[in-house]
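**Student:** A single structure is presented below for examination.
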Amino acid sequence: MKSRYDRGMDMLKKVDNIHGEKVIATLNTVSPALSQLLAEVFGDIYSRPELTLQERELVTLSSLIAQGGCEAQLRFHVNAALNVGIAPEKITEVCIHSIPYTGFPRVLNGVFIVQDVLKGRKDKE
């Protein structure tokens, strides 16, 4: 049986291998305990069988947009959503659907992150 940490790292690799490892490595220089905890909690949540990775990323995107002030995490999860096969149009629709519940300012902030991620990925093609 895999450790919680290993399960978390496996899930990070599935959703965003390069960025996930960078986040863990960066946190590890600041606080190895926090780095380990993040990986473990990510694995605990993301390895549950009731939702697919796509469903999890849609929920995560809407939560981050609603919360606001989570631009770095939103950037990571927009990339993750694309990596697990969510179409850019669906990501944009999550933003649109969030407007009456979250408000235009937070949604617009989120849309600008989505736009930036999509542009960055297109530039790499």
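Identifiers for the structure tokens are assigned positionally: chains receive A, B, ... in sequence, residues are indexed from 1 per chain, and ligands are indexed from 1 in the order shown.
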Would you pick out the contacts of segment 87-99 of chain A at 10 Å or less, using only C-alpha atoms, so that residues sharing its chain but fewer than 2 positions from it are not included, and give the list as a list of chain:residue names?
**Tutor:**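 Everything that qualifies: A:Glu57, A:Leu58, A:Val59, A:Leu61, A:Ser62, A:Ser63, A:Ile65, A:Ala66, A:Val78, A:Ala81, A:Leu82, A:Asn83, A:Val84, A:Gly85, A:Tyr101, A:Thr102, A:Gly103, A:Phe104, A:Pro105, A:Arg106, A:Val107, A:Leu108, A:Asn109, A:Gly110, A:Val111, A:Val114, A:Gln115, A:Leu118.
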**Student:** Excluding Ala25 of chain A and its own-chain neighbours fewer than 4 positions away, which residues fall within 8 Å of it when counting only C-alpha atoms? Please give them as a ChimeraX atom specification.
**Tutor:** /A:21,29,35
**Student:** To test your reading of the structure, identify every residue in segment 16-91 of chain A that backbone DSSP assigns to helix (DSSP H, G or I), and report it as a PyMOL selection string.
**Tutor:** chain A and resi 16-30+32-46+53-67+71-83+88-91
**Student:** Measuring between only C-alpha atoms, which one of A:Val117, A:Pro49, A:Phe76, A:Asp123 shows the shortest distance to Ile18 of chain A?
**Tutor:** A:Phe76
**Student:** Just want the 9 Å neighbourhood of Leu38 of chain A, counted on only C-alpha atoms, with same-chain residues fewer than 2 positions away dropped. Output as number ranges by chain.
**Tutor:** A: 5, 8, 24, 27, 33-36, 40-43
**Student:** If I take atom CA of Gln54 of chain A and atom CA of Ile86 of chain A, how far is one from the other in Å, to one decimal?
**Tutor:**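 Separating atom CA of Gln54 of chain A from atom CA of Ile86 of chain A is a distance of 6.4 Å.
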**Student:** Kindly indicate which residue among A:Thr60, A:Asn79, A:Gln67, A:Ser47 lies nearest to Arg4 of chain A, using only C-alpha atoms for the distances.
**Tutor:** A:Ser47
**Student:** Go through A:Ala39, A:Ser3, A:Glu125, A:Ile113 one by one, measure the shortest atom-to-atom distance of each to Leu64 of chain A using only C-alpha atoms, and give the residue with the smallest value.
**Tutor:**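 Looking only at the distances to Leu64 of chain A, the closest residue turns out to be A:Ile113.
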**Student:** Please, what distance in Å, to one decimal, runs between atom CA of Pro32 of chain A and atom CA of Asp16 of chain A?
**Tutor:**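 According to the coordinates, atom CA of Pro32 of chain A and atom CA of Asp16 of chain A are separated by 20.4 Å.
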**Student:** A:Glu55, A:Asp44, A:Glu50, A:Asp116: which is nearest Glu71 of chain A, counting only C-alpha atoms?
**Tutor:**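 For Glu71 of chain A, the nearest of the candidates is A:Asp116.
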**Student:** Using only C-alpha atoms, can you tell me which of A:Thr26, A:His19, A:Leu74, A:Lys13 comes closest to Tyr46 of chain A?
**Tutor:** A:Lys13
**Student:** Between atom CA of Val30 of chain A and atom CA of Leu53 of chain A, measure the distance and give it in Å to one decimal.
**Tutor:**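 Result for atom CA of Val30 of chain A versus atom CA of Leu53 of chain A: 28.7 Å, one decimal.
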